[in-house]
Amino acid sequence: MNKWQLPFLAVFCFVSESIAVDVWPKGDWYIHYFFVPRFFLIFLVLTAMHFGGTRAMGYGFIFGFLYDCVYTELLGVYAFAYTLLAYLAGKATKWLQPNWLVSFLLSLLAIALLDSYVYGIQLLIGRTDWPFAVFWERRLWPTLLLNTAFLLIGLPVLERWLAKIRRLEQGE
C-alpha cells in the first residue's frame with residue numbers, strides 16, 4: 001500500500017489543478033487576468049527535493065505528456081518542461097540546503113520558468129501575439145500570486161506528507 005502513496009499524491013495534484021480552475025470565481029478579474037494553478041509542478045519540485053531528480057523526472061515526463069494530451073494541442077511541450085524542471089530542482093537540491101524557504105523559492109522559480117517557456121513556444125509558433133509586458137501583467141504575476149498563496153497554505157502539508165512517504169519507503 002505504501003508504494004502507491006506517491007503516485008496517488010501525483011494524481012491528486014494533477015487533477016486538483018483542473019478542479020481549482022473550475023471552482024475559481026468567474027468575475028471581472030478572471031476576464032482580464034489568467035490565474036493558472038501549478039500544483040503538480042510544486043509537487044514535482046518537492047518530489048525532486050525529497051526523492052531525487054531521477055524519480056521526479058519520471059513523474060514529470062509521464063504527467064507532462066498526459067498534460068499535453070489532455071490540455072494542449074502541441075505534444076511534448078509540458079513533457080519536456082516538467083522533466084527538465086524536475087532535473088534542475090534535483091540538481092539545485094544538491095547545492096542548496098533543503099528547507100522551507102528553498103522549497104518555496106524553487107517552486108516559484110520553476111513556475112516562472114515553465115510559464116515563460118510555454119509563452120515563448122506559443123510566441124514562436126504564432127499562437128499568441130502578446131508582447132512580453134502583457135504576458136507579464138496578465139498571466140505571470142497572477143499565476144505567481146495564486147501559487148504563492150497555495151504555497152503559503154499547502155507547502156507545510158505537502159512537505160510533511162512527502163517526508164512521511166519517504167520514511168515509509170525507507171522502512172520497507
# chains A, B, ... in the order shown; residues from 1 in each chain; ligands from 1

$ residues_around --residues "range 28-44 of chain A" --least-positions-apart "3" --cutoff "8 Å" --atoms "only C-alpha atoms" --output "VMD selection string"
chain A and resid 10 13 to 14 16 to 17 20 to 21 25 47 to 48 56 59 to 60 82 86 107 110 to 111 137 to 139 142 to 143 146 to 147 158

$ residues_around --residues "Thr83 in chain A" --least-positions-apart "5" --cutoff "12 Å" --atoms "only C-alpha atoms" --output "number ranges by chain"
A: 41, 44-45, 48, 53-65, 76-78, 88-90, 110, 114

$ closest_residue --among "A:Gly120, A:Leu96, A:Leu144, A:Gln5" --to "Arg167 in chain A" --atoms "only C-alpha atoms"
A:Gln5

$ closest_atom_pairs --of "range 64-115 of chain A" --to "range 159-164 of chain A" --cutoff "10 Å" --atoms "only C-alpha atoms" --output "Markdown table"
| residue | atom | partner | partner_atom | distance |
| --- | --- | --- | --- | --- |
| A:Asn99 | CA | A:Glu159 | CA | 9.6 |
| A:Trp100 | CA | A:Glu159 | CA | 8.4 |
| A:Ser103 | CA | A:Glu159 | CA | 9.0 |

$ write_last_selection --atoms "C-alpha atoms" --output "PDB file, in the first residue's frame"
ATOM      1  CA  ASN A  99      14.373  23.791   3.867  1.00  0.00           C
ATOM      2  CA  TRP A 100      11.038  25.598   3.711  1.00  0.00           C
ATOM      3  CA  SER A 103      11.276  24.805  -1.372  1.00  0.00           C
TER       4      SER A 103
END
